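Containing mmCIF, C-alpha atoms: structure05.cif.
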```
data_final
loop_
_atom_site.label_atom_id
_atom_site.label_comp_id
_atom_site.auth_asym_id
_atom_site.auth_seq_id
_atom_site.Cartn_x
_atom_site.Cartn_y
_atom_site.Cartn_z
CA MET N 19 86.26 -207.36 -53.64
CA GLY N 20 88.87 -209.79 -54.87
CA ARG N 21 88.77 -211.60 -58.18
CA TRP N 22 88.20 -214.85 -56.33
CA ALA N 23 84.70 -214.96 -54.89
CA PRO N 24 83.76 -218.23 -53.19
CA ASP N 25 80.30 -219.43 -54.24
CA ALA N 26 79.70 -216.28 -56.30
CA ARG N 27 76.86 -217.94 -58.17
CA GLY N 28 75.05 -219.00 -54.99
CA ARG N 29 75.53 -215.57 -53.42
CA LEU N 30 74.12 -213.85 -56.52
CA GLU N 31 71.15 -216.23 -56.55
CA ARG N 32 70.36 -215.63 -52.89
CA ALA N 33 70.77 -211.86 -53.26
CA ALA N 34 68.50 -211.81 -56.33
CA LEU N 35 65.76 -213.82 -54.64
CA GLU N 36 65.89 -211.65 -51.54
CA LEU N 37 65.59 -208.47 -53.59
CA TYR N 38 62.85 -209.83 -55.90
CA GLY N 39 60.93 -210.81 -52.76
CA GLU N 40 61.49 -207.52 -50.93
CA GLN N 41 60.97 -204.95 -53.69
CA GLY N 42 59.57 -206.90 -56.64
CA TYR N 43 61.25 -208.41 -59.70
CA ASP N 44 60.58 -205.44 -61.98
CA SER N 45 62.08 -202.89 -59.57
CA THR N 46 65.31 -204.82 -59.01
CA THR N 47 68.44 -204.05 -61.05
CA VAL N 48 71.50 -206.20 -61.69
CA ALA N 49 73.58 -203.50 -59.94
CA GLU N 50 71.52 -203.96 -56.77
CA ILE N 51 71.85 -207.75 -56.92
CA ALA N 52 75.63 -207.53 -57.30
CA GLU N 53 75.87 -205.00 -54.47
CA ARG N 54 73.76 -207.13 -52.12
CA ALA N 55 75.97 -210.14 -52.93
CA GLY N 56 79.13 -208.11 -52.35
CA LEU N 57 80.23 -208.68 -55.94
CA THR N 58 80.58 -206.68 -59.14
CA GLU N 59 78.10 -206.48 -62.03
CA ARG N 60 80.87 -207.97 -64.15
CA THR N 61 80.81 -211.07 -61.92
CA PHE N 62 77.01 -211.21 -62.22
CA PHE N 63 77.25 -211.28 -66.01
CA ARG N 64 79.89 -214.01 -65.86
CA HIS N 65 77.18 -216.25 -64.34
CA PHE N 66 73.85 -215.01 -65.74
CA ALA N 67 72.81 -213.36 -69.01
CA ASP N 68 70.28 -211.12 -67.23
CA LYS N 69 68.20 -210.89 -64.09
CA ARG N 70 65.57 -213.28 -65.45
CA GLU N 71 68.11 -216.04 -65.99
CA VAL N 72 68.68 -216.26 -62.22
CA LEU N 73 65.21 -217.82 -62.10
CA PHE N 74 65.46 -219.97 -65.25
CA PHE N 75 69.09 -221.01 -65.74
CA GLY N 76 68.35 -224.62 -64.74
CA ALA N 77 65.72 -225.23 -67.46
CA ALA N 78 68.07 -226.50 -70.19
CA ALA N 79 69.86 -228.91 -67.84
CA LEU N 80 66.53 -230.19 -66.50
CA GLN N 81 65.22 -230.80 -70.01
CA ALA N 82 68.42 -232.61 -71.10
CA PHE N 83 68.30 -234.76 -67.96
CA LEU N 84 64.62 -235.72 -68.47
CA VAL N 85 65.09 -236.53 -72.17
CA ASN N 86 68.07 -238.72 -71.31
CA GLU N 87 66.05 -240.56 -68.63
CA VAL N 88 63.23 -241.20 -71.12
CA GLU N 89 65.67 -242.45 -73.76
CA ASN N 90 67.24 -244.87 -71.28
CA ALA N 91 64.08 -246.20 -69.62
CA PRO N 92 63.41 -249.96 -69.73
CA VAL N 93 62.00 -251.13 -73.07
CA SER N 94 58.91 -252.65 -71.49
CA ALA N 95 57.80 -249.58 -69.51
CA ALA N 96 54.51 -247.84 -70.36
CA PRO N 97 54.71 -244.21 -71.60
CA LEU N 98 53.38 -242.47 -68.49
CA GLU N 99 55.47 -244.72 -66.23
CA ILE N 100 58.56 -243.64 -68.20
CA ILE N 101 57.69 -239.97 -67.81
CA THR N 102 56.83 -240.28 -64.12
CA ALA N 103 60.05 -242.19 -63.38
CA ALA N 104 62.06 -239.50 -65.22
CA LEU N 105 60.37 -236.73 -63.21
CA ASP N 106 61.03 -238.65 -60.01
CA ALA N 107 64.72 -238.98 -60.88
CA ALA N 108 64.86 -235.25 -61.69
CA ALA N 109 63.22 -234.45 -58.36
CA ILE N 110 66.10 -236.15 -56.58
CA ALA N 111 68.86 -234.86 -58.87
CA PHE N 112 67.69 -231.24 -59.09
CA PHE N 113 65.18 -230.18 -56.49
CA GLU N 114 65.04 -231.95 -53.14
CA GLU N 115 68.05 -230.02 -51.82
CA ILE N 116 66.82 -226.60 -52.84
CA ARG N 117 63.31 -226.45 -51.50
CA ASP N 118 63.72 -223.01 -49.90
CA PHE N 119 65.06 -221.60 -53.18
CA ALA N 120 62.20 -223.31 -55.08
CA ARG N 121 59.62 -221.90 -52.68
CA GLN N 122 60.93 -218.34 -52.91
CA ARG N 123 61.15 -218.67 -56.69
CA GLN N 124 57.50 -219.82 -56.92
CA VAL N 125 56.31 -216.79 -54.95
CA ILE N 126 58.29 -214.40 -57.17
CA ILE N 127 57.04 -216.01 -60.38
CA ALA N 128 53.42 -216.06 -59.19
CA ALA N 129 53.62 -212.29 -58.58
CA ASN N 130 54.76 -211.33 -62.09
CA ALA N 131 52.88 -211.88 -65.36
CA GLU N 132 56.01 -211.89 -67.55
CA LEU N 133 57.63 -214.55 -65.34
CA ARG N 134 54.46 -216.65 -65.26
CA GLU N 135 54.44 -216.59 -69.06
CA ARG N 136 58.12 -217.56 -69.21
CA GLU N 137 57.40 -220.49 -66.86
CA LEU N 138 54.50 -221.64 -69.07
CA ILE N 139 56.70 -221.49 -72.16
CA LYS N 140 59.44 -223.44 -70.38
CA LEU N 141 56.98 -226.17 -69.35
CA ALA N 142 55.43 -226.35 -72.83
CA ALA N 143 58.93 -226.77 -74.32
CA LEU N 144 59.61 -229.50 -71.76
CA ALA N 145 56.38 -231.32 -72.71
CA ALA N 146 57.28 -231.12 -76.42
CA ALA N 147 60.79 -232.46 -75.75
CA LEU N 148 59.40 -235.36 -73.69
CA ALA N 149 56.84 -236.22 -76.39
CA ASP N 150 59.66 -236.21 -78.99
CA ALA N 151 61.74 -238.52 -76.79
CA LEU N 152 58.79 -240.93 -76.48
CA ARG N 153 58.28 -240.86 -80.26
CA ARG N 154 61.94 -241.78 -80.75
CA ARG N 155 61.21 -244.84 -78.59
CA GLY N 156 58.39 -245.80 -80.98
CA VAL N 157 55.46 -244.47 -78.94
CA SER N 158 52.91 -243.14 -81.43
CA ASP N 159 50.61 -240.13 -81.15
CA PRO N 160 48.34 -239.26 -79.44
CA SER N 161 49.86 -241.47 -76.68
CA ALA N 162 53.24 -239.73 -76.79
CA SER N 163 51.76 -236.22 -76.55
CA LEU N 164 49.21 -237.22 -73.93
CA ALA N 165 51.75 -238.97 -71.71
CA ALA N 166 54.11 -235.97 -71.96
CA GLU N 167 51.38 -233.40 -71.25
CA ALA N 168 49.99 -235.51 -68.40
CA GLY N 169 53.51 -235.82 -66.98
CA ILE N 170 54.01 -232.05 -67.02
CA ALA N 171 50.62 -231.57 -65.34
CA ILE N 172 51.64 -234.07 -62.64
CA PHE N 173 54.95 -232.27 -62.18
CA ARG N 174 53.45 -228.77 -61.95
CA ILE N 175 50.84 -229.81 -59.43
CA ALA N 176 53.34 -231.84 -57.39
CA PHE N 177 55.81 -228.94 -57.47
CA ASP N 178 53.19 -226.47 -56.22
CA ALA N 179 52.15 -228.86 -53.45
CA TRP N 180 55.80 -229.49 -52.50
CA THR N 181 56.70 -225.81 -52.23
CA ALA N 182 53.48 -225.11 -50.27
CA ASP N 183 53.36 -228.26 -48.12
CA PRO N 184 53.94 -227.68 -44.42
CA ASP N 185 54.34 -231.40 -43.68
CA GLU N 186 57.60 -231.56 -45.60
CA LEU N 187 56.89 -234.49 -47.90
CA THR N 188 59.57 -234.90 -50.56
CA LEU N 189 58.97 -233.79 -54.15
CA SER N 190 59.27 -237.47 -55.15
CA GLU N 191 56.42 -238.35 -52.84
CA HIS N 192 54.29 -235.52 -54.25
CA ILE N 193 55.03 -236.65 -57.82
CA ARG N 194 53.97 -240.21 -57.02
CA ALA N 195 50.85 -238.99 -55.22
CA SER N 196 49.89 -236.76 -58.19
CA ALA N 197 50.52 -239.57 -60.68
CA ASP N 198 48.33 -241.91 -58.63
CA GLU N 199 45.65 -239.23 -58.32
CA LEU N 200 45.64 -238.73 -62.09
CA ARG N 201 45.03 -242.46 -62.48
CA VAL N 202 42.06 -242.19 -60.12
CA VAL N 203 40.72 -239.10 -61.91
CA THR N 204 40.93 -240.80 -65.32
CA SER N 205 39.74 -244.23 -64.25
CA GLY N 206 36.04 -243.74 -64.94
CA PRO N 207 34.27 -245.58 -67.76
CA LEU N 208 35.46 -244.79 -71.29
CA SER N 209 33.77 -241.67 -72.58
CA THR N 210 32.46 -243.46 -75.66
CA THR N 211 30.63 -245.99 -73.52
CA SER N 212 29.47 -243.58 -70.82
CA ARG N 213 27.47 -241.57 -73.34
CA THR N 214 23.82 -242.35 -73.80
CA MET Y 16 31.80 -198.49 -98.97
CA GLY Y 17 28.49 -197.93 -97.26
CA ARG Y 18 27.98 -197.71 -93.51
CA TRP Y 19 26.10 -200.98 -93.63
CA ALA Y 20 28.42 -203.87 -94.35
CA PRO Y 21 26.81 -207.31 -94.36
CA ASP Y 22 28.87 -209.81 -92.34
CA ALA Y 23 31.62 -207.24 -91.76
CA ARG Y 24 33.08 -209.32 -88.96
CA GLY Y 25 33.28 -212.49 -91.04
CA ARG Y 26 34.78 -210.59 -93.97
CA LEU Y 27 37.43 -209.05 -91.71
CA GLU Y 28 38.24 -212.45 -90.23
CA ARG Y 29 38.63 -214.09 -93.61
CA ALA Y 30 40.72 -211.20 -94.94
CA ALA Y 31 42.98 -211.28 -91.87
CA LEU Y 32 43.56 -215.04 -92.09
CA GLU Y 33 44.32 -214.82 -95.81
CA LEU Y 34 46.86 -212.06 -95.26
CA TYR Y 35 48.48 -213.68 -92.22
CA GLY Y 36 48.84 -216.86 -94.28
CA GLU Y 37 50.17 -215.11 -97.39
CA GLN Y 38 52.61 -212.60 -95.94
CA GLY Y 39 52.92 -213.50 -92.24
CA TYR Y 40 51.21 -212.16 -89.15
CA ASP Y 41 53.95 -209.67 -88.27
CA SER Y 42 53.99 -208.06 -91.72
CA THR Y 43 50.23 -207.56 -91.92
CA THR Y 44 48.64 -204.24 -90.92
CA VAL Y 45 45.06 -203.47 -89.93
CA ALA Y 46 44.87 -201.15 -92.95
CA GLU Y 47 45.64 -204.06 -95.26
CA ILE Y 48 43.06 -206.28 -93.57
CA ALA Y 49 40.36 -203.62 -93.92
CA GLU Y 50 41.29 -202.99 -97.55
CA ARG Y 51 41.19 -206.70 -98.41
CA ALA Y 52 37.76 -206.97 -96.76
CA GLY Y 53 36.51 -203.90 -98.66
CA LEU Y 54 35.90 -202.08 -95.36
CA THR Y 55 37.42 -199.19 -93.40
CA GLU Y 56 39.89 -199.38 -90.53
CA ARG Y 57 37.19 -197.76 -88.43
CA THR Y 58 34.95 -200.76 -89.09
CA PHE Y 59 37.80 -203.10 -88.18
CA PHE Y 60 38.20 -201.40 -84.81
CA ARG Y 61 34.45 -201.62 -84.20
CA HIS Y 62 34.87 -205.43 -84.20
CA PHE Y 63 38.41 -206.08 -82.95
CA ALA Y 64 40.78 -204.28 -80.56
CA ASP Y 65 43.82 -205.13 -82.70
CA LYS Y 66 45.05 -207.60 -85.29
CA ARG Y 67 45.79 -210.24 -82.64
CA GLU Y 68 42.21 -210.25 -81.42
CA VAL Y 69 41.03 -211.61 -84.76
CA LEU Y 70 42.69 -214.87 -83.67
CA PHE Y 71 41.66 -214.79 -79.99
CA PHE Y 72 38.30 -213.00 -79.69
CA GLY Y 73 36.45 -216.26 -78.93
CA ALA Y 74 38.51 -217.14 -75.85
CA ALA Y 75 36.35 -215.37 -73.24
CA ALA Y 76 33.11 -216.83 -74.62
CA LEU Y 77 34.64 -220.32 -74.74
CA GLN Y 78 35.82 -220.05 -71.14
CA ALA Y 79 32.42 -218.79 -69.92
CA PHE Y 80 30.69 -221.61 -71.81
CA LEU Y 81 32.97 -224.31 -70.35
CA VAL Y 82 32.69 -222.99 -66.79
CA ASN Y 83 28.90 -222.94 -67.11
CA GLU Y 84 28.89 -226.53 -68.40
CA VAL Y 85 31.04 -227.66 -65.46
CA GLU Y 86 28.81 -225.85 -62.97
CA ASN Y 87 25.70 -227.51 -64.41
CA ALA Y 88 27.02 -231.06 -64.82
CA PRO Y 89 25.20 -233.91 -63.04
CA VAL Y 90 26.08 -234.14 -59.34
CA SER Y 91 27.24 -237.75 -59.63
CA ALA Y 92 29.69 -237.24 -62.51
CA ALA Y 93 33.44 -237.79 -61.95
CA PRO Y 94 35.76 -234.75 -62.41
CA LEU Y 95 37.37 -235.75 -65.71
CA GLU Y 96 34.00 -236.89 -67.10
CA ILE Y 97 32.62 -233.43 -66.29
CA ILE Y 98 35.52 -231.71 -68.06
CA THR Y 99 35.39 -234.01 -71.08
CA ALA Y 100 31.62 -233.57 -71.45
CA ALA Y 101 32.05 -229.77 -71.26
CA LEU Y 102 34.76 -229.85 -73.96
CA ASP Y 103 32.55 -232.05 -76.10
CA ALA Y 104 29.65 -229.60 -75.77
CA ALA Y 105 32.02 -226.72 -76.65
CA ALA Y 106 33.23 -228.61 -79.70
CA ILE Y 107 29.69 -228.68 -81.03
CA ALA Y 108 28.74 -225.14 -79.97
CA PHE Y 109 31.94 -223.40 -81.11
CA PHE Y 110 34.11 -225.37 -83.47
CA GLU Y 111 32.57 -228.02 -85.70
CA GLU Y 112 31.26 -225.43 -88.16
CA ILE Y 113 34.49 -223.52 -88.49
CA ARG Y 114 37.07 -226.18 -89.21
CA ASP Y 115 38.63 -224.33 -92.13
CA PHE Y 116 39.02 -221.20 -90.03
CA ALA Y 117 40.43 -223.30 -87.17
CA ARG Y 118 42.91 -225.01 -89.48
CA GLN Y 119 44.16 -221.74 -90.99
CA ARG Y 120 44.40 -220.24 -87.51
CA GLN Y 121 46.50 -223.17 -86.23
CA VAL Y 122 48.99 -222.76 -89.09
CA ILE Y 123 49.32 -219.01 -88.42
CA ILE Y 124 49.79 -219.49 -84.68
CA ALA Y 125 52.33 -222.29 -85.16
CA ALA Y 126 54.43 -219.95 -87.32
CA ASN Y 127 54.72 -217.12 -84.77
CA ALA Y 128 56.35 -217.28 -81.32
CA GLU Y 129 54.30 -214.42 -79.86
CA LEU Y 130 51.04 -216.08 -80.96
CA ARG Y 131 52.14 -219.48 -79.64
CA GLU Y 132 52.81 -217.83 -76.27
CA ARG Y 133 49.41 -216.11 -76.31
CA GLU Y 134 47.76 -219.48 -77.06
CA LEU Y 135 49.61 -221.11 -74.14
CA ILE Y 136 48.51 -218.33 -71.80
CA LYS Y 137 44.92 -218.66 -73.00
CA LEU Y 138 44.91 -222.42 -72.38
CA ALA Y 139 46.54 -222.02 -68.94
CA ALA Y 140 43.85 -219.50 -67.99
CA LEU Y 141 41.22 -221.95 -69.24
CA ALA Y 142 42.69 -224.76 -67.10
CA ALA Y 143 42.73 -222.49 -64.04
CA ALA Y 144 39.08 -221.48 -64.62
CA LEU Y 145 38.01 -225.12 -65.01
CA ALA Y 146 39.87 -226.14 -61.83
CA ASP Y 147 38.13 -223.29 -59.97
CA ALA Y 148 34.74 -224.43 -61.29
CA LEU Y 149 35.45 -228.00 -60.09
CA ARG Y 150 36.49 -226.67 -56.66
CA ARG Y 151 33.18 -224.79 -56.41
CA ARG Y 152 31.50 -228.18 -56.92
CA GLY Y 153 33.43 -229.54 -53.94
CA VAL Y 154 36.19 -231.36 -55.86
CA SER Y 155 39.37 -231.03 -53.79
CA ASP Y 156 42.96 -230.59 -54.96
CA PRO Y 157 44.96 -232.17 -56.49
CA SER Y 158 41.99 -233.83 -58.25
CA ALA Y 159 40.50 -230.53 -59.42
CA SER Y 160 43.78 -229.24 -60.89
CA LEU Y 161 44.70 -232.60 -62.41
CA ALA Y 162 41.31 -233.10 -64.06
CA ALA Y 163 41.41 -229.55 -65.47
CA GLU Y 164 45.00 -229.86 -66.74
CA ALA Y 165 44.29 -233.31 -68.17
CA GLY Y 166 41.17 -231.92 -69.87
CA ILE Y 167 43.14 -229.12 -71.51
CA ALA Y 168 45.78 -231.62 -72.67
CA ILE Y 169 43.02 -233.77 -74.19
CA PHE Y 170 41.53 -230.72 -75.88
CA ARG Y 171 44.83 -229.45 -77.33
CA ILE Y 172 45.78 -232.81 -78.73
CA ALA Y 173 42.27 -233.45 -80.09
CA PHE Y 174 42.21 -229.98 -81.65
CA ASP Y 175 45.56 -230.51 -83.38
CA ALA Y 176 44.41 -233.90 -84.68
CA TRP Y 177 41.08 -232.45 -85.84
CA THR Y 178 42.64 -229.58 -87.78
CA ALA Y 179 45.22 -231.96 -89.32
CA ASP Y 180 43.01 -235.02 -89.88
CA PRO Y 181 42.37 -235.86 -93.51
CA ASP Y 182 39.63 -238.37 -92.65
CA GLU Y 183 37.32 -235.64 -91.41
CA LEU Y 184 36.40 -237.01 -88.00
CA THR Y 185 34.51 -234.49 -85.90
CA LEU Y 186 36.22 -232.60 -83.07
CA SER Y 187 33.86 -234.42 -80.67
CA GLU Y 188 35.13 -237.75 -81.91
CA HIS Y 189 38.73 -236.62 -81.51
CA ILE Y 190 38.04 -235.40 -77.95
CA ARG Y 191 36.51 -238.72 -76.98
CA ALA Y 192 39.37 -240.64 -78.62
CA SER Y 193 41.96 -238.52 -76.77
CA ALA Y 194 40.13 -238.92 -73.45
CA ASP Y 195 40.03 -242.70 -73.95
CA GLU Y 196 43.69 -242.73 -74.94
CA LEU Y 197 44.62 -240.80 -71.77
CA ARG Y 198 42.83 -243.48 -69.75
CA VAL Y 199 44.89 -246.14 -71.50
CA VAL Y 200 48.13 -244.19 -70.99
CA THR Y 201 47.44 -243.73 -67.27
CA SER Y 202 46.06 -247.20 -66.59
CA GLY Y 203 49.34 -248.89 -65.63
CA PRO Y 204 50.04 -250.00 -62.08
CA LEU Y 205 50.16 -247.26 -59.44
CA SER Y 206 53.61 -245.67 -59.35
CA THR Y 207 53.98 -246.41 -55.65
CA THR Y 208 53.53 -250.13 -56.24
CA SER Y 209 55.53 -250.33 -59.46
CA ARG Y 210 58.70 -249.16 -57.70
CA THR Y 211 61.12 -251.75 -56.44
#
```

Could I get this file's structure written as structure tokens?
Amino acid sequence: MGRWAPDARGRLERAALELYGEQGYDSTTVAEIAERAGLTERTFFRHFADKREVLFFGAAALQAFLVNEVENAPVSAAPLEIITAALDAAAIAFFEEIRDFARQRQVIIAANAELRERELIKLAALAAALADALRRRGVSDPSASLAAEAGIAIFRIAFDAWTADPDELTLSEHIRASADELRVVTSGPLSTTSRT
Amino acid sequence: MGRWAPDARGRLERAALELYGEQGYDSTTVAEIAERAGLTERTFFRHFADKREVLFFGAAALQAFLVNEVENAPVSAAPLEIITAALDAAAIAFFEEIRDFARQRQVIIAANAELRERELIKLAALAAALADALRRRGVSDPSASLAAEAGIAIFRIAFDAWTADPDELTLSEHIRASADELRVVTSGPLSTTSRT
């Protein structure tokens, strides 16, 4: 094994996902991941802090990207439009190319309580960051929080449908379909007037 | 300390919240809670599995109540109406009477990462249970998931506003205001038609 390993990061990622899928996340060690990738543990730790980070290393970049999109959205746009457009842009920038990775990752996370909790915490942090970005644009609460939380719900549901969908729609298309569906779901009469 | 302790559970709850508020959740022991309440540790463990359960014991009853409300909602009601009506009923049955407890609890949870995570997991489980209940009524996905997730977002934001609100609106009123606000936030043009 030379010091120069082409696509070491990608090889480690693929090896980790294979092993998590084959023998479970808990039973897999960093040594096994490095061995499967034909690399050293030292190389693993040059790319990832631990075996969990293989599944979550993109979270900070995704959050920074989404916050930047919200901050730079047109002045006239409505809060949920801003969030949906940001998610759509992130779909293209981050996810469309890696659907197989995303699908394998979903299966691994669904099978492990600790990873499911980590994913929830990541999404809650994302919602809080998006609500903050809306507030910096002058959107007041509860609109800012509701638009951010609704956006994360749209994203989660679109992401699940995208990784499960056999018809191969894009993540963008799923995000737009979920956003439209949320509009339908919420478009009943106002609750204050529907009460007798 | 006699074997018969009137309102032992309430005394333990109040003692626990006082101590968590005064010295932090992590630093508080069950022995201290029992002592503050004038009861034994044995009595504490007759009511709660551990010190965390003082803050979360109502979760299972709340979930069962909400699922039952969803299952028994009028046939004609729209998904988000069903969820909002169930949350409104839960507000009255579970929360309106205990606002001071709820407020203290929110402050304690906000101050502790482990408790914030537990709260997230509880709310995610609640959303999943509500989506399942909607599916049993014949609501298909993504509507069932979106209505459930949107309902939990409404509830969280209403709950935060209720525990923070100095004007003393009821939790019911906050839930209805949040539900109406979500309708406003989502009522822009459909995303598919707003794209150029």

Selection result of the PyMOL selection byres ((chain Y and resi 59-75) around 7) on this file, as a VMD selection string | chain Y and resid 24 27 to 28 45 49 55 to 58 76 to 79 120

Can you list what the PyMOL selection byres ((chain N) within 8 of (chain Y)) grabs from this structure, as a PyMOL selection string?
-> chain N and resi 96-99+102+135+138-139+142+160-161+163-165+167-168+171-172+175+194+196-201+203-206+208-210

Deliver the residues from the most recent selection as a file, using C-alpha atoms, as a PDB file, in the frame of the given file.
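Listed below is the output, out24.pdb:
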```
ATOM      1  CA  ALA N  96      54.510-247.840 -70.360  1.00  0.00           C
ATOM      2  CA  PRO N  97      54.710-244.210 -71.600  1.00  0.00           C
ATOM      3  CA  LEU N  98      53.380-242.470 -68.490  1.00  0.00           C
ATOM      4  CA  GLU N  99      55.470-244.720 -66.230  1.00  0.00           C
ATOM      5  CA  THR N 102      56.830-240.280 -64.120  1.00  0.00           C
ATOM      6  CA  GLU N 135      54.440-216.590 -69.060  1.00  0.00           C
ATOM      7  CA  LEU N 138      54.500-221.640 -69.070  1.00  0.00           C
ATOM      8  CA  ILE N 139      56.700-221.490 -72.160  1.00  0.00           C
ATOM      9  CA  ALA N 142      55.430-226.350 -72.830  1.00  0.00           C
ATOM     10  CA  PRO N 160      48.340-239.260 -79.440  1.00  0.00           C
ATOM     11  CA  SER N 161      49.860-241.470 -76.680  1.00  0.00           C
ATOM     12  CA  SER N 163      51.760-236.220 -76.550  1.00  0.00           C
ATOM     13  CA  LEU N 164      49.210-237.220 -73.930  1.00  0.00           C
ATOM     14  CA  ALA N 165      51.750-238.970 -71.710  1.00  0.00           C
ATOM     15  CA  GLU N 167      51.380-233.400 -71.250  1.00  0.00           C
ATOM     16  CA  ALA N 168      49.990-235.510 -68.400  1.00  0.00           C
ATOM     17  CA  ALA N 171      50.620-231.570 -65.340  1.00  0.00           C
ATOM     18  CA  ILE N 172      51.640-234.070 -62.640  1.00  0.00           C
ATOM     19  CA  ILE N 175      50.840-229.810 -59.430  1.00  0.00           C
ATOM     20  CA  ARG N 194      53.970-240.210 -57.020  1.00  0.00           C
ATOM     21  CA  SER N 196      49.890-236.760 -58.190  1.00  0.00           C
ATOM     22  CA  ALA N 197      50.520-239.570 -60.680  1.00  0.00           C
ATOM     23  CA  ASP N 198      48.330-241.910 -58.630  1.00  0.00           C
ATOM     24  CA  GLU N 199      45.650-239.230 -58.320  1.00  0.00           C
ATOM     25  CA  LEU N 200      45.640-238.730 -62.090  1.00  0.00           C
ATOM     26  CA  ARG N 201      45.030-242.460 -62.480  1.00  0.00           C
ATOM     27  CA  VAL N 203      40.720-239.100 -61.910  1.00  0.00           C
ATOM     28  CA  THR N 204      40.930-240.800 -65.320  1.00  0.00           C
ATOM     29  CA  SER N 205      39.740-244.230 -64.250  1.00  0.00           C
ATOM     30  CA  GLY N 206      36.040-243.740 -64.940  1.00  0.00           C
ATOM     31  CA  LEU N 208      35.460-244.790 -71.290  1.00  0.00           C
ATOM     32  CA  SER N 209      33.770-241.670 -72.580  1.00  0.00           C
ATOM     33  CA  THR N 210      32.460-243.460 -75.660  1.00  0.00           C
TER      34      THR N 210
END
```

Distance of atom CA of Val88 of chain N from atom CA of Ala108 of chain N, expressed in Å to one decimal place | 11.3 Å

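Comparing the minimum interatomic distances between Ala151 of chain N and each of N:Val85, N:Leu187, N:Leu105, N:Ala91, counting only C-alpha atoms, we find that N:Val85 sits nearest.
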
If you apply the PyMOL selection byres ((chain N and resi 182) around 12) to this file, what residues do you get, as a PDB file with C-alpha atoms, in the coordinates of the input?
```
ATOM      1  CA  ARG N 117      63.310-226.450 -51.500  1.00  0.00           C
ATOM      2  CA  ASP N 118      63.720-223.010 -49.900  1.00  0.00           C
ATOM      3  CA  ALA N 120      62.200-223.310 -55.080  1.00  0.00           C
ATOM      4  CA  ARG N 121      59.620-221.900 -52.680  1.00  0.00           C
ATOM      5  CA  GLN N 122      60.930-218.340 -52.910  1.00  0.00           C
ATOM      6  CA  ARG N 123      61.150-218.670 -56.690  1.00  0.00           C
ATOM      7  CA  GLN N 124      57.500-219.820 -56.920  1.00  0.00           C
ATOM      8  CA  VAL N 125      56.310-216.790 -54.950  1.00  0.00           C
ATOM      9  CA  ILE N 175      50.840-229.810 -59.430  1.00  0.00           C
ATOM     10  CA  ALA N 176      53.340-231.840 -57.390  1.00  0.00           C
ATOM     11  CA  PHE N 177      55.810-228.940 -57.470  1.00  0.00           C
ATOM     12  CA  ASP N 178      53.190-226.470 -56.220  1.00  0.00           C
ATOM     13  CA  ALA N 179      52.150-228.860 -53.450  1.00  0.00           C
ATOM     14  CA  TRP N 180      55.800-229.490 -52.500  1.00  0.00           C
ATOM     15  CA  THR N 181      56.700-225.810 -52.230  1.00  0.00           C
ATOM     16  CA  ASP N 183      53.360-228.260 -48.120  1.00  0.00           C
ATOM     17  CA  PRO N 184      53.940-227.680 -44.420  1.00  0.00           C
ATOM     18  CA  ASP N 185      54.340-231.400 -43.680  1.00  0.00           C
ATOM     19  CA  GLU N 186      57.600-231.560 -45.600  1.00  0.00           C
ATOM     20  CA  LEU N 187      56.890-234.490 -47.900  1.00  0.00           C
ATOM     21  CA  THR N 188      59.570-234.900 -50.560  1.00  0.00           C
ATOM     22  CA  LEU N 189      58.970-233.790 -54.150  1.00  0.00           C
ATOM     23  CA  HIS N 192      54.290-235.520 -54.250  1.00  0.00           C
TER      24      HIS N 192
END
```

Go ahead and compute the interatomic distance for atom CA of Ala106 of chain Y and atom CA of Asn83 of chain Y, in Å to one decimal.
-> 14.5 Å

Within 10 Å of Tyr35 of chain Y, counting all atoms listed in the file, which residues show up once you throw out same-chain ones fewer than 2 positions away? Write them as a PyMOL selection string, please.
-> chain Y and resi 29-33+37-44+48+66+119-120+122-124+126
